[in-house]
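**Student:** The following block contains the structure, expressed as structure tokens.
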Amino acid sequence: MFVCLLQLPELAKSNVCIRDPKRVEEIILSLQTGGANKLQIISDFDMTLTRFAHNGKRCPTSYSVVDTSLLISEDCKKTLKDLENTYYPIEIDPGRSVEEKLPLMVEWWMKAHAFLVEQKIRKDQLEMAVRGSGTMLRDGFKAFFDELYKHSIPLVIFSAGIGDVLEEIIRLAGVFHPNVKVVSNYMEFDDNGVLQAFKGELIHTYNKQEVALKNSGLFNQETGSRNIILLGDSMGDLSMADGVENTENILKIGYLNDKVEERREQYLNSYDIVLVKDESMDVVNGILQHIIAKN
Ligand SMILES: Nc1ccn([C@@H]2O[C@H](COP(=O)(O)O)[C@@H](O)[C@H]2O)c(=O)n1
């Protein structure tokens, strides 16, 4: 599709797909002109900052870290797996509209929350669940988080997963730096540290725009115009930056992990850069270096 965009070797890999290389080149040049001071990253978590698969085996989402752990009874594990088998194919089905998916996603999340609450999960057990789960941040995650911190670039992680679990994952990986803010579904614990409910408005795959607009303060902690790099893995992630005021330039990078052939066209039409079965942060790290190097 193109030979070598902006001399960024990471973009020349065969799994990097770009519908409009000229447009991408222009956006990256604008991000570079704006530099680190204007830059903000908004990223999804599960299957975007974490790996989709390792050695041919699916890696867990922040929900499945808990759903498959020792904190859950065998009966409940089966029920949660049945829910995933029912609803995940709907979540990623390119043949269904967002309107059709919306109530079904609410159903999935609400049912799962109700079952999880019955399990009397303790907050102090989450670290053990994460350690035993096999969850993995993508290759190159450390350079990504550390560079953003070093250059004071805000990172908002906007996840329809479980906030308490994803925080534990990045904390254990040693990259929960002060420039990282998390918007997600958080557990509510009682005085004994036992799960009672989930807090606040539910976040699922397809209501991120609504949540972003309602919570725009979380995305506008810096003043002035902003350049955004958005990282996602679903069509719902495309609207994660809708709450940012004064967006000047936005580069949307999408991980296409599953049902690749069925969804390739849709992703190419929606994301500026599509990374097909890429388990690394190499492309975003390469673009970041390009932006930061000129500071
Ligand atoms: N009970 C559930 C509900 C959702 N999931 C998956 O978690 C992902 C979380 O969303 P991100 O915004 O962090 O990508 C979502 O895509 C669902 O597939 C789950 O595993 N169990």
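Going through the structure tokens in order, the chains are called A, B, and so on, while each chain numbers its residues from 1 and the ligands are numbered from 1 in the order shown.
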Using only C-alpha atoms and all ligand atoms, which residues of the polymer chains come no farther than 6 Å from ligand 1? I'd like the answer as a ChimeraX atom specification.

**Tutor:** /A:44-46,61,63-64,88,109,112,159-161,205

**Student:** Any chance you could export the current selection's C-alpha atoms as an mmCIF file, in the first residue's frame?

**Tutor:**
```cif
data_model
loop_
_atom_site.group_PDB
_atom_site.id
_atom_site.type_symbol
_atom_site.label_atom_id
_atom_site.label_comp_id
_atom_site.auth_asym_id
_atom_site.auth_seq_id
_atom_site.Cartn_x
_atom_site.Cartn_y
_atom_site.Cartn_z
ATOM 1 C CA ASP A 44 -8.720 1.431 25.574
ATOM 2 C CA PHE A 45 -7.303 -1.262 27.889
ATOM 3 C CA ASP A 46 -8.314 -4.870 27.206
ATOM 4 C CA THR A 61 -9.557 -9.489 29.695
ATOM 5 C CA TYR A 63 -13.152 -9.427 33.513
ATOM 6 C CA SER A 64 -11.809 -12.861 32.732
ATOM 7 C CA TYR A 88 -18.726 -11.807 22.722
ATOM 8 C CA TRP A 109 -22.368 -6.478 31.705
ATOM 9 C CA ALA A 112 -21.927 -10.563 34.865
ATOM 10 C CA SER A 159 -11.982 0.932 29.639
ATOM 11 C CA ALA A 160 -15.215 -1.010 29.717
ATOM 12 C CA GLY A 161 -13.312 -3.561 31.805
ATOM 13 C CA THR A 205 -18.098 -1.350 24.584
#
```

**Student:** If you run DSSP on the backbone here, which positions in range 4-250 of chain A get strand (DSSP E or B)? Please write them as a ChimeraX atom specification.

**Tutor:** /A:16-17,39-43,50,53-54,57-58,122,137,139,155-162,180-185,187-189,194-198,226-232,247-250

**Student:** Could you give me, as a tab-separated table (two decimals) with N, CA and C atoms, in the first residue's frame, the residues within 8 Å of Glu188 in chain A, counting only C-alpha atoms and dropping anything in the same chain fewer than 4 positions from it?

**Tutor:**
```tsv
chain	number	residue	atom	x	y	z
A	195	LEU	N	-16.94	-7.21	47.94
A	195	LEU	CA	-17.64	-6.61	46.81
A	195	LEU	C	-19.15	-6.56	47.06
A	196	GLN	N	-19.71	-5.34	46.92
A	196	GLN	CA	-21.15	-5.11	47.15
A	196	GLN	C	-21.90	-4.79	45.87
A	197	ALA	N	-21.21	-4.11	44.96
A	197	ALA	CA	-21.87	-3.59	43.76
A	197	ALA	C	-20.78	-3.04	42.84
A	198	PHE	N	-21.21	-2.52	41.70
A	198	PHE	CA	-20.29	-1.75	40.84
A	198	PHE	C	-20.72	-0.30	40.90
A	199	LYS	N	-19.74	0.59	40.93
A	199	LYS	CA	-20.03	2.02	41.14
A	199	LYS	C	-20.46	2.73	39.86
```

**Student:** Would you mind listing what lies within 12 Å of range 12-28 of chain A as JSON, numbers by chain, with only C-alpha atoms counted and same-chain residues fewer than 2 positions away left out?

**Tutor:** {"A": [1, 2, 3, 4, 5, 6, 7, 8, 9, 10, 30, 31, 32, 33, 34, 35, 39, 227, 228, 229, 248, 249, 250, 251, 252, 253, 254, 255, 256, 257, 260, 264, 265, 266, 267, 268, 269, 270, 271, 272, 273, 274, 275, 276, 277, 278, 279, 280, 282, 283, 284, 286, 287, 288, 289, 290, 291, 292]}

**Student:** Work out how far CA of Leu166 in chain A is from CA of Met235 in chain A, in Å to one decimal.

**Tutor:**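 We find that CA of Met235 in chain A and CA of Leu166 in chain A lie 20.8 Å from each other.
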
**Student:** When you look at Ile121 in chain A with a cut-off of 8 Å (counting only C-alpha atoms), what residues show up, excluding the ones that are within fewer than 4 positions of it in the same chain? I need them as a PyMOL selection string.

**Tutor:** chain A and resi 71-72+116-117+125+194-195

**Student:** Between CA of Glu222 in chain A and CA of Val165 in chain A, what is the distance, to one decimal in Å?

**Tutor:** 26.7 Å

**Student:** Neighbours of Asn55 in chain A within 12 Å (only C-alpha atoms; same-chain residues fewer than 3 positions away dropped), as a list in words?

**Tutor:**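 Selected residues are Arg51, Phe52, Arg58, Cys59, Gly134, Met136 and Glu279 of chain A.
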
**Student:** Would you write out those residues with C-alpha atoms, as a short mmCIF file (atom, residue, chain, number, x, y, z; two decimals), in the first residue's frame?

**Tutor:**
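See part_27.cif below for the written result:
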```cif
data_model
loop_
_atom_site.label_atom_id
_atom_site.label_comp_id
_atom_site.auth_asym_id
_atom_site.auth_seq_id
_atom_site.Cartn_x
_atom_site.Cartn_y
_atom_site.Cartn_z
CA ARG A 51 -2.19 -8.83 24.48
CA PHE A 52 -4.98 -10.64 22.67
CA ARG A 58 -6.17 -16.15 24.20
CA CYS A 59 -5.07 -13.83 26.98
CA GLY A 134 -1.72 -14.97 32.55
CA MET A 136 0.02 -9.69 29.62
CA GLU A 279 0.86 -8.05 19.85
#
```

**Student:** Which residues are near Tyr149 in chain A? Cut-off 10 Å, only C-alpha atoms, ignore same chain within fewer than 3 positions. Put them as a list in words.

**Tutor:**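 Answer for this query is Ala143, Phe144, Phe145, Asp146, Ser152, Ile153, Pro154, Leu155, Val175, Phe176, His177, Pro178, Asn179 and Val180 of chain A.
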